[in-house]
Structures are given as C-alpha cells and as structure tokens.
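Novice: Sharing target.tsv, TSV, N, CA, C and O atoms:
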```tsv
chain	number	residue	atom	x	y	z
S	1	LEU	N	7.78	-47.41	-16.45
S	1	LEU	CA	7.94	-45.96	-16.53
S	1	LEU	C	6.98	-45.42	-17.59
S	1	LEU	O	6.91	-45.97	-18.69
S	2	LEU	N	6.31	-44.35	-17.26
S	2	LEU	CA	5.34	-43.77	-18.18
S	2	LEU	C	5.85	-42.45	-18.71
S	2	LEU	O	6.30	-41.59	-17.94
S	3	GLU	N	5.74	-42.27	-20.02
S	3	GLU	CA	6.20	-41.03	-20.65
S	3	GLU	C	5.41	-39.85	-20.09
S	3	GLU	O	4.20	-39.92	-19.91
S	4	GLY	N	6.12	-38.77	-19.77
S	4	GLY	CA	5.49	-37.58	-19.22
S	4	GLY	C	5.49	-37.54	-17.69
S	4	GLY	O	5.24	-36.50	-17.11
S	5	ASN	N	5.77	-38.66	-17.05
S	5	ASN	CA	5.83	-38.70	-15.58
S	5	ASN	C	7.23	-38.35	-15.10
S	5	ASN	O	8.21	-38.59	-15.80
S	6	GLU	N	7.31	-37.80	-13.89
S	6	GLU	CA	8.60	-37.54	-13.26
S	6	GLU	C	8.88	-38.64	-12.25
S	6	GLU	O	7.96	-39.08	-11.54
S	7	TYR	N	10.12	-39.06	-12.20
S	7	TYR	CA	10.51	-40.12	-11.27
S	7	TYR	C	11.73	-39.67	-10.47
S	7	TYR	O	12.55	-38.90	-10.95
S	8	ILE	N	11.80	-40.17	-9.25
S	8	ILE	CA	12.96	-39.97	-8.39
S	8	ILE	C	13.49	-41.36	-8.05
S	8	ILE	O	12.71	-42.27	-7.75
S	9	PHE	N	14.79	-41.53	-8.14
S	9	PHE	CA	15.41	-42.83	-7.85
S	9	PHE	C	16.28	-42.70	-6.60
S	9	PHE	O	16.78	-41.61	-6.31
S	10	ARG	N	16.44	-43.81	-5.89
S	10	ARG	CA	17.39	-43.81	-4.78
S	10	ARG	C	18.12	-45.14	-4.75
S	10	ARG	O	17.58	-46.17	-5.18
S	11	ILE	N	19.33	-45.09	-4.24
S	11	ILE	CA	20.19	-46.27	-4.19
S	11	ILE	C	20.76	-46.38	-2.78
S	11	ILE	O	21.16	-45.36	-2.19
S	12	MET	N	20.81	-47.63	-2.28
S	12	MET	CA	21.38	-47.88	-0.96
S	12	MET	C	22.37	-49.03	-1.07
S	12	MET	O	22.10	-50.00	-1.77
S	13	ALA	N	23.48	-48.88	-0.40
S	13	ALA	CA	24.47	-49.97	-0.34
S	13	ALA	C	24.07	-50.91	0.79
S	13	ALA	O	23.50	-50.50	1.80
S	14	VAL	N	24.41	-52.18	0.60
S	14	VAL	CA	24.08	-53.20	1.61
S	14	VAL	C	25.34	-54.01	1.91
S	14	VAL	O	26.06	-54.40	1.00
S	15	ASN	N	25.59	-54.25	3.20
S	15	ASN	CA	26.64	-55.18	3.59
S	15	ASN	C	26.09	-56.10	4.68
S	15	ASN	O	24.91	-56.03	5.02
S	16	LYS	N	26.94	-56.91	5.26
S	16	LYS	CA	26.45	-57.89	6.24
S	16	LYS	C	25.93	-57.26	7.53
S	16	LYS	O	25.27	-57.91	8.33
S	17	TYR	N	26.19	-55.94	7.72
S	17	TYR	CA	25.73	-55.25	8.93
S	17	TYR	C	24.44	-54.46	8.70
S	17	TYR	O	23.92	-53.87	9.63
S	18	GLY	N	23.98	-54.41	7.43
S	18	GLY	CA	22.72	-53.71	7.19
S	18	GLY	C	22.72	-52.89	5.92
S	18	GLY	O	23.59	-53.03	5.06
S	19	VAL	N	21.74	-52.01	5.87
S	19	VAL	CA	21.52	-51.16	4.70
S	19	VAL	C	21.95	-49.74	5.03
S	19	VAL	O	21.57	-49.20	6.07
S	20	GLY	N	22.75	-49.14	4.14
S	20	GLY	CA	23.23	-47.78	4.35
S	20	GLY	C	22.19	-46.73	4.00
S	20	GLY	O	21.09	-47.03	3.54
S	21	GLU	N	22.57	-45.48	4.23
S	21	GLU	CA	21.70	-44.35	3.90
S	21	GLU	C	21.51	-44.26	2.38
S	21	GLU	O	22.43	-44.55	1.62
S	22	PRO	N	20.33	-43.83	1.93
S	22	PRO	CA	20.11	-43.75	0.48
S	22	PRO	C	20.71	-42.48	-0.14
S	22	PRO	O	20.84	-41.45	0.52
S	23	LEU	N	21.06	-42.61	-1.40
S	23	LEU	CA	21.42	-41.47	-2.24
S	23	LEU	C	20.25	-41.29	-3.19
S	23	LEU	O	19.83	-42.25	-3.85
S	24	GLU	N	19.69	-40.07	-3.22
S	24	GLU	CA	18.48	-39.83	-4.01
S	24	GLU	C	18.79	-38.97	-5.22
S	24	GLU	O	19.57	-38.03	-5.15
S	25	SER	N	18.15	-39.29	-6.34
S	25	SER	CA	18.34	-38.52	-7.57
S	25	SER	C	17.47	-37.27	-7.55
S	25	SER	O	16.53	-37.17	-6.76
S	26	VAL	N	17.77	-36.38	-8.43
S	26	VAL	CA	16.87	-35.26	-8.68
S	26	VAL	C	15.69	-35.81	-9.49
S	26	VAL	O	15.81	-36.88	-10.09
S	27	PRO	N	14.55	-35.12	-9.54
S	27	PRO	CA	13.44	-35.60	-10.36
S	27	PRO	C	13.86	-35.68	-11.83
S	27	PRO	O	14.53	-34.79	-12.35
S	28	VAL	N	13.47	-36.78	-12.48
S	28	VAL	CA	13.81	-37.01	-13.88
S	28	VAL	C	12.52	-37.18	-14.66
S	28	VAL	O	11.67	-37.99	-14.29
S	29	LEU	N	12.37	-36.40	-15.74
S	29	LEU	CA	11.18	-36.48	-16.59
S	29	LEU	C	11.37	-37.59	-17.61
S	29	LEU	O	12.36	-37.60	-18.35
S	30	MET	N	10.42	-38.53	-17.65
S	30	MET	CA	10.49	-39.63	-18.61
S	30	MET	C	10.01	-39.13	-19.96
S	30	MET	O	8.90	-38.64	-20.08
S	31	LYS	N	10.89	-39.21	-20.96
S	31	LYS	CA	10.50	-38.80	-22.31
S	31	LYS	C	11.22	-39.66	-23.32
S	31	LYS	O	12.26	-40.25	-23.02
S	32	ASN	N	10.68	-39.74	-24.49
S	32	ASN	CA	11.29	-40.51	-25.56
S	32	ASN	C	12.57	-39.81	-25.98
S	32	ASN	O	12.55	-38.62	-26.30
S	33	PRO	N	13.70	-40.51	-26.00
S	33	PRO	CA	14.96	-39.86	-26.38
S	33	PRO	C	15.06	-39.61	-27.88
S	33	PRO	O	15.98	-38.95	-28.34
S	34	PHE	N	14.12	-40.13	-28.66
S	34	PHE	CA	14.16	-39.98	-30.11
S	34	PHE	C	13.11	-38.96	-30.57
S	34	PHE	O	12.04	-38.86	-30.00
S	35	VAL	N	13.45	-38.22	-31.60
S	35	VAL	CA	12.55	-37.23	-32.20
S	35	VAL	C	12.63	-37.38	-33.71
S	35	VAL	O	13.56	-38.01	-34.23
S	36	PRO	N	11.69	-36.81	-34.45
S	36	PRO	CA	11.79	-36.86	-35.91
S	36	PRO	C	13.08	-36.19	-36.39
S	36	PRO	O	13.60	-35.29	-35.72
S	37	PRO	N	13.59	-36.60	-37.54
S	37	PRO	CA	14.82	-36.01	-38.05
S	37	PRO	C	14.62	-34.56	-38.49
S	37	PRO	O	13.49	-34.13	-38.72
S	38	GLY	N	15.74	-33.84	-38.62
S	38	GLY	CA	15.70	-32.49	-39.15
S	38	GLY	C	15.46	-32.54	-40.66
S	38	GLY	O	15.43	-33.62	-41.26
S	39	PRO	N	15.32	-31.39	-41.29
S	39	PRO	CA	15.08	-31.37	-42.74
S	39	PRO	C	16.36	-31.70	-43.50
S	39	PRO	O	17.46	-31.40	-43.04
S	40	PRO	N	16.21	-32.32	-44.68
S	40	PRO	CA	17.38	-32.51	-45.52
S	40	PRO	C	18.00	-31.15	-45.85
S	40	PRO	O	17.35	-30.11	-45.71
S	41	THR	N	19.25	-31.15	-46.28
S	41	THR	CA	19.94	-29.90	-46.59
S	41	THR	C	20.40	-29.90	-48.04
S	41	THR	O	20.39	-30.93	-48.71
S	42	ALA	N	20.84	-28.74	-48.50
S	42	ALA	CA	21.48	-28.57	-49.82
S	42	ALA	C	20.64	-29.10	-50.98
S	42	ALA	O	21.12	-29.84	-51.83
S	43	LEU	N	19.39	-28.70	-51.04
S	43	LEU	CA	18.50	-29.11	-52.13
S	43	LEU	C	18.98	-28.53	-53.45
S	43	LEU	O	19.30	-27.34	-53.54
S	44	GLU	N	19.04	-29.37	-54.46
S	44	GLU	CA	19.48	-28.93	-55.79
S	44	GLU	C	18.66	-29.69	-56.83
S	44	GLU	O	18.40	-30.88	-56.68
S	45	VAL	N	18.25	-28.98	-57.88
S	45	VAL	CA	17.51	-29.60	-58.98
S	45	VAL	C	18.42	-29.59	-60.20
S	45	VAL	O	18.95	-28.55	-60.59
S	46	THR	N	18.63	-30.77	-60.79
S	46	THR	CA	19.54	-30.91	-61.94
S	46	THR	C	18.86	-31.70	-63.05
S	46	THR	O	17.74	-32.19	-62.89
S	47	ASN	N	19.55	-31.86	-64.15
S	47	ASN	CA	19.07	-32.66	-65.29
S	47	ASN	C	17.65	-32.28	-65.69
S	47	ASN	O	16.78	-33.14	-65.84
S	48	ILE	N	17.44	-30.99	-65.87
S	48	ILE	CA	16.11	-30.49	-66.21
S	48	ILE	C	15.82	-30.81	-67.68
S	48	ILE	O	16.57	-30.45	-68.57
S	49	ALA	N	14.74	-31.53	-67.91
S	49	ALA	CA	14.31	-31.90	-69.26
S	49	ALA	C	12.86	-31.45	-69.44
S	49	ALA	O	12.26	-30.86	-68.54
S	50	LYS	N	12.29	-31.76	-70.59
S	50	LYS	CA	10.93	-31.32	-70.91
S	50	LYS	C	9.89	-31.83	-69.90
S	50	LYS	O	8.98	-31.12	-69.52
S	51	ASP	N	10.05	-33.09	-69.49
S	51	ASP	CA	9.04	-33.69	-68.61
S	51	ASP	C	9.61	-34.31	-67.33
S	51	ASP	O	8.95	-35.09	-66.65
S	52	SER	N	10.87	-33.98	-66.99
S	52	SER	CA	11.47	-34.57	-65.79
S	52	SER	C	12.59	-33.69	-65.24
S	52	SER	O	13.12	-32.83	-65.94
S	53	MET	N	12.93	-33.93	-63.99
S	53	MET	CA	14.02	-33.25	-63.30
S	53	MET	C	14.57	-34.21	-62.25
S	53	MET	O	13.85	-35.08	-61.76
S	54	THR	N	15.84	-34.03	-61.88
S	54	THR	CA	16.42	-34.81	-60.80
S	54	THR	C	16.58	-33.89	-59.59
S	54	THR	O	17.17	-32.82	-59.69
S	55	VAL	N	16.03	-34.33	-58.47
S	55	VAL	CA	16.13	-33.58	-57.22
S	55	VAL	C	17.20	-34.26	-56.37
S	55	VAL	O	17.16	-35.47	-56.16
S	56	CYS	N	18.19	-33.48	-55.91
S	56	CYS	CA	19.28	-33.99	-55.09
S	56	CYS	C	19.30	-33.24	-53.75
S	56	CYS	O	18.93	-32.07	-53.70
S	57	TRP	N	19.76	-33.91	-52.71
S	57	TRP	CA	19.83	-33.28	-51.39
S	57	TRP	C	20.91	-33.97	-50.56
S	57	TRP	O	21.44	-35.00	-50.94
S	58	SER	N	21.21	-33.39	-49.41
S	58	SER	CA	22.15	-33.99	-48.46
S	58	SER	C	21.38	-34.41	-47.21
S	58	SER	O	20.27	-33.94	-46.96
S	59	ARG	N	22.01	-35.26	-46.44
S	59	ARG	CA	21.38	-35.77	-45.21
S	59	ARG	C	21.09	-34.62	-44.23
S	59	ARG	O	21.81	-33.64	-44.21
S	60	PRO	N	20.07	-34.80	-43.40
S	60	PRO	CA	19.79	-33.79	-42.36
S	60	PRO	C	20.95	-33.69	-41.38
S	60	PRO	O	21.70	-34.65	-41.20
S	61	GLU	N	21.09	-32.54	-40.76
S	61	GLU	CA	22.13	-32.37	-39.74
S	61	GLU	C	21.83	-33.27	-38.53
S	61	GLU	O	22.73	-33.75	-37.87
S	62	SER	N	20.55	-33.49	-38.25
S	62	SER	CA	20.16	-34.34	-37.12
S	62	SER	C	19.28	-35.49	-37.62
S	62	SER	O	18.33	-35.26	-38.36
S	63	ASP	N	19.61	-36.71	-37.19
S	63	ASP	CA	18.76	-37.86	-37.53
S	63	ASP	C	17.74	-38.15	-36.43
S	63	ASP	O	17.02	-39.13	-36.48
S	64	GLY	N	17.68	-37.27	-35.43
S	64	GLY	CA	16.72	-37.44	-34.34
S	64	GLY	C	17.07	-38.55	-33.38
S	64	GLY	O	16.26	-38.97	-32.57
S	65	GLY	N	18.30	-39.07	-33.49
S	65	GLY	CA	18.73	-40.15	-32.61
S	65	GLY	C	18.43	-41.53	-33.15
S	65	GLY	O	18.67	-42.53	-32.48
S	66	SER	N	17.90	-41.61	-34.37
S	66	SER	CA	17.58	-42.89	-34.98
S	66	SER	C	17.96	-42.84	-36.45
S	66	SER	O	17.83	-41.80	-37.11
S	67	GLU	N	18.41	-43.97	-36.97
S	67	GLU	CA	18.86	-44.03	-38.36
S	67	GLU	C	17.74	-43.61	-39.32
S	67	GLU	O	16.59	-44.00	-39.15
S	68	ILE	N	18.09	-42.82	-40.32
S	68	ILE	CA	17.12	-42.41	-41.34
S	68	ILE	C	16.88	-43.59	-42.26
S	68	ILE	O	17.81	-44.18	-42.79
S	69	ILE	N	15.60	-43.95	-42.43
S	69	ILE	CA	15.27	-45.13	-43.22
S	69	ILE	C	14.76	-44.78	-44.62
S	69	ILE	O	14.49	-45.68	-45.41
S	70	GLY	N	14.64	-43.51	-44.94
S	70	GLY	CA	14.23	-43.14	-46.29
S	70	GLY	C	13.78	-41.70	-46.37
S	70	GLY	O	13.74	-40.98	-45.38
S	71	TYR	N	13.44	-41.32	-47.59
S	71	TYR	CA	13.01	-39.95	-47.88
S	71	TYR	C	11.73	-39.99	-48.70
S	71	TYR	O	11.53	-40.87	-49.53
S	72	ILE	N	10.88	-39.00	-48.49
S	72	ILE	CA	9.67	-38.80	-49.27
S	72	ILE	C	9.89	-37.55	-50.10
S	72	ILE	O	10.28	-36.51	-49.57
S	73	VAL	N	9.63	-37.64	-51.40
S	73	VAL	CA	9.77	-36.49	-52.30
S	73	VAL	C	8.37	-36.06	-52.72
S	73	VAL	O	7.57	-36.89	-53.16
S	74	GLU	N	8.06	-34.79	-52.56
S	74	GLU	CA	6.76	-34.25	-52.95
S	74	GLU	C	6.96	-33.06	-53.89
S	74	GLU	O	8.01	-32.43	-53.88
S	75	LYS	N	5.91	-32.76	-54.66
S	75	LYS	CA	5.95	-31.60	-55.56
S	75	LYS	C	4.60	-30.89	-55.53
S	75	LYS	O	3.59	-31.46	-55.12
S	76	ARG	N	4.63	-29.64	-55.95
S	76	ARG	CA	3.39	-28.89	-56.17
S	76	ARG	C	3.67	-27.87	-57.24
S	76	ARG	O	4.80	-27.46	-57.48
S	77	ASP	N	2.62	-27.44	-57.93
S	77	ASP	CA	2.75	-26.36	-58.90
S	77	ASP	C	3.09	-25.09	-58.15
S	77	ASP	O	2.70	-24.91	-56.99
S	78	ARG	N	3.79	-24.18	-58.83
S	78	ARG	CA	4.21	-22.94	-58.17
S	78	ARG	C	3.03	-22.19	-57.56
S	78	ARG	O	3.13	-21.67	-56.45
S	79	ALA	N	1.92	-22.14	-58.26
S	79	ALA	CA	0.74	-21.42	-57.76
S	79	ALA	C	-0.19	-22.33	-56.95
S	79	ALA	O	-1.18	-21.87	-56.40
S	80	GLY	N	0.14	-23.61	-56.87
S	80	GLY	CA	-0.74	-24.56	-56.19
S	80	GLY	C	-0.57	-24.54	-54.68
S	80	GLY	O	0.36	-23.94	-54.14
S	81	ILE	N	-1.48	-25.23	-54.03
S	81	ILE	CA	-1.42	-25.34	-52.57
S	81	ILE	C	-1.30	-26.80	-52.13
S	81	ILE	O	-0.97	-27.09	-51.00
S	82	ARG	N	-1.55	-27.73	-53.04
S	82	ARG	CA	-1.58	-29.14	-52.69
S	82	ARG	C	-0.28	-29.83	-53.09
S	82	ARG	O	0.16	-29.76	-54.22
S	83	TRP	N	0.35	-30.51	-52.12
S	83	TRP	CA	1.56	-31.28	-52.37
S	83	TRP	C	1.17	-32.70	-52.76
S	83	TRP	O	0.26	-33.28	-52.17
S	84	THR	N	1.86	-33.26	-53.73
S	84	THR	CA	1.62	-34.66	-54.13
S	84	THR	C	2.94	-35.42	-54.07
S	84	THR	O	4.01	-34.87	-54.38
S	85	LYS	N	2.85	-36.68	-53.69
S	85	LYS	CA	4.05	-37.51	-53.58
S	85	LYS	C	4.58	-37.86	-54.96
S	85	LYS	O	3.81	-38.16	-55.88
S	86	CYS	N	5.90	-37.83	-55.09
S	86	CYS	CA	6.55	-38.20	-56.35
S	86	CYS	C	7.02	-39.65	-56.32
S	86	CYS	O	7.14	-40.28	-57.36
S	87	ASN	N	7.31	-40.17	-55.15
S	87	ASN	CA	7.78	-41.55	-55.03
S	87	ASN	C	6.75	-42.39	-54.29
S	87	ASN	O	6.24	-41.98	-53.25
S	88	LYS	N	6.47	-43.57	-54.83
S	88	LYS	CA	5.49	-44.46	-54.20
S	88	LYS	C	6.05	-45.08	-52.93
S	88	LYS	O	5.35	-45.29	-51.97
S	89	ARG	N	7.34	-45.40	-52.96
S	89	ARG	CA	8.03	-45.96	-51.79
S	89	ARG	C	9.12	-44.99	-51.37
S	89	ARG	O	9.69	-44.29	-52.21
S	90	ARG	N	9.42	-44.96	-50.07
S	90	ARG	CA	10.51	-44.12	-49.59
S	90	ARG	C	11.79	-44.49	-50.33
S	90	ARG	O	12.09	-45.66	-50.52
S	91	THR	N	12.55	-43.47	-50.73
S	91	THR	CA	13.84	-43.72	-51.36
S	91	THR	C	14.95	-43.58	-50.32
S	91	THR	O	14.85	-42.74	-49.43
S	92	THR	N	15.96	-44.40	-50.44
S	92	THR	CA	17.10	-44.29	-49.54
S	92	THR	C	18.23	-43.51	-50.20
S	92	THR	O	19.21	-43.17	-49.53
S	93	ASP	N	18.11	-43.24	-51.50
S	93	ASP	CA	19.12	-42.46	-52.21
S	93	ASP	C	19.00	-40.99	-51.84
S	93	ASP	O	17.96	-40.55	-51.32
S	94	LEU	N	20.03	-40.23	-52.16
S	94	LEU	CA	20.01	-38.79	-51.92
S	94	LEU	C	19.71	-38.04	-53.21
S	94	LEU	O	20.08	-36.88	-53.37
S	95	ARG	N	19.02	-38.72	-54.11
S	95	ARG	CA	18.55	-38.10	-55.35
S	95	ARG	C	17.34	-38.87	-55.85
S	95	ARG	O	17.19	-40.05	-55.55
S	96	PHE	N	16.48	-38.18	-56.58
S	96	PHE	CA	15.29	-38.82	-57.12
S	96	PHE	C	14.91	-38.14	-58.42
S	96	PHE	O	14.85	-36.90	-58.48
S	97	ARG	N	14.66	-38.93	-59.44
S	97	ARG	CA	14.25	-38.39	-60.74
S	97	ARG	C	12.73	-38.30	-60.76
S	97	ARG	O	12.04	-39.30	-60.63
S	98	VAL	N	12.23	-37.07	-60.89
S	98	VAL	CA	10.79	-36.83	-60.93
S	98	VAL	C	10.38	-36.77	-62.39
S	98	VAL	O	10.91	-35.99	-63.17
S	99	THR	N	9.44	-37.63	-62.77
S	99	THR	CA	8.98	-37.71	-64.17
S	99	THR	C	7.52	-37.31	-64.26
S	99	THR	O	6.84	-37.12	-63.24
S	100	GLY	N	7.03	-37.21	-65.48
S	100	GLY	CA	5.63	-36.86	-65.70
S	100	GLY	C	5.30	-35.40	-65.46
S	100	GLY	O	4.15	-35.06	-65.19
S	101	LEU	N	6.30	-34.53	-65.58
S	101	LEU	CA	6.07	-33.11	-65.38
S	101	LEU	C	5.54	-32.49	-66.67
S	101	LEU	O	5.79	-33.00	-67.77
S	102	THR	N	4.83	-31.38	-66.55
S	102	THR	CA	4.32	-30.68	-67.72
S	102	THR	C	4.77	-29.23	-67.71
S	102	THR	O	5.03	-28.65	-66.64
S	103	GLU	N	4.89	-28.65	-68.89
S	103	GLU	CA	5.29	-27.24	-69.00
S	103	GLU	C	4.06	-26.36	-68.76
S	103	GLU	O	2.95	-26.75	-69.05
S	104	ASP	N	4.31	-25.15	-68.25
S	104	ASP	CA	3.21	-24.18	-68.07
S	104	ASP	C	2.78	-23.64	-69.42
S	104	ASP	O	3.52	-23.46	-70.32
```
Show me this structure written as structure tokens.

Specialist:
Amino acid sequence: LLEGNEYIFRIMAVNKYGVGEPLESVPVLMKNPFVPPGPPTALEVTNIAKDSMTVCWSRPESDGGSEIIGYIVEKRDRAGIRWTKCNKRRTTDLRFRVTGLTED
C-alpha cells in the first residue's frame, strides 16, 4: 500500500459449491495514522533567579497517536528573532531549568 493512493477492497465467501458474490468497500485513502503531537499546555516560568529560570509545562492534549518521547526547550531574547536550544538532549520531564541567562 502506498501513502496517498486510494484503494478499494472486496471480500468473497467460499464454500464447497463455489465463490459467492463480492462485497466491495468504499474507496479508502492510505495515509499515516500518526501525526506530530500538539503543543504543550500550561506554560509557567518559576524560580526566577539572576541567571536562571525554571520552565514548567503540561503534556499536549494530543500525542498524535504516538507516545511522546521528549521535549525541546528553546529561548530567544524578547527583541530577538532567533531561537536557540536550551537543552542538548530532549528532556522527558515536564520542567527544565534554563541557566546562563543574562539581565538586560
């Protein structure tokens, strides 16, 4: 089966006297049943210190049909346009302490 193709299926019963009439399906579009997860919810920043903060969140409402294997935390300056990763490896926790921050 190829993703993006439409398929029609049919089924026939068989007994010792022969093959019966087929039952045919409606056209079915082949697509991946999994999608990327939704966004995390309930973002909260706590434990604000001079050079660090803890970012907390809740799981997405939708996991896209597949278990969530981690989270990526990114930051940018308020006036900036470029996002940078805060964690080198995906975290499985629902909180992450961001360090190395500077005051304006």

Novice: Could you tell me how far atom CA of S:Ile81 sits from atom C of S:Gly38, in Å to one decimal place?

Specialist: 21.9 Å

Novice: For S:Ser58, which residue among S:Leu1, S:Val19, S:Leu43, S:Leu29 is the nearest when counting all atoms listed in the file?

Specialist: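 Residue with the minimum atom-to-atom distance to S:Ser58: S:Leu43.
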
Novice: Could you give me, as a list in words, the residues that sit within 8 Å of (8.4, -37.4, -55.2) in the file's coordinates, counting only C-alpha atoms?

Specialist: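 Selection result: Ile72, Val73, Glu74, Lys75, Thr84, Lys85, Cys86, Asn87, Lys88, Phe96 and Val98 of chain S.
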
Novice: Can you measure atom CA of S:Ile8 to atom C of S:Pro33 for me? One decimal in Å is fine.

Specialist: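 Interatomic distance here is 19.6 Å.
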
Novice: Interatomic distance between atom CA of S:Pro27 and atom CA of S:Asn5?

Specialist: 9.7 Å

Novice: Return the padded bounding box of stretch 46-63 of chain S as AutoDock Vina command-line options: axis-aligned, built from all atoms listed in the file, 5 Å added on each side, with centre and edge lengths in Å to one decimal.

Specialist:
```
--center_x 15.8 --center_y -34.8 --center_z -53.7 --size_x 23.8 --size_y 18.7 --size_z 44.5
```

Novice: Name the residues, using the chain letters and numbers of the file, that sit within 10 Å of (17.6, -34.6, -61.9) when counting only C-alpha atoms, and give them as a PyMOL selection string.

Specialist: chain S and resi 44-49+52-56+95-99

Novice: Closest to S:Glu103 among S:Thr91, S:Asp51, S:Phe34, S:Tyr17, using all atoms listed in the file?

Specialist: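 Of all the options, S:Asp51 lies closest to S:Glu103.
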
Novice: I need the strand (DSSP E or B) residues of chain S per DSSP on the backbone, written as a ChimeraX atom specification.

Specialist: /S:6-7,10-11,14-15,18-19,23-24,28-29,41-46,52-58,71,74-75,84-85,91,95-99

Novice: With only N, CA, C and O atoms as the basis for distance, which of S:Ile11, S:Lys31, S:Pro39, S:Pro22 is at the shortest distance from S:Asp63?

Specialist: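 Among the listed residues, the smallest separation from S:Asp63 belongs to S:Pro39.
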
Novice: For each of S:Ile69, S:Leu101, S:Val35, S:Leu2, take the minimum atom-to-atom distance to S:Arg89, counting only C-alpha atoms, then give the residue where this is smallest.

Specialist: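 For S:Arg89, the nearest of the candidates is S:Ile69.
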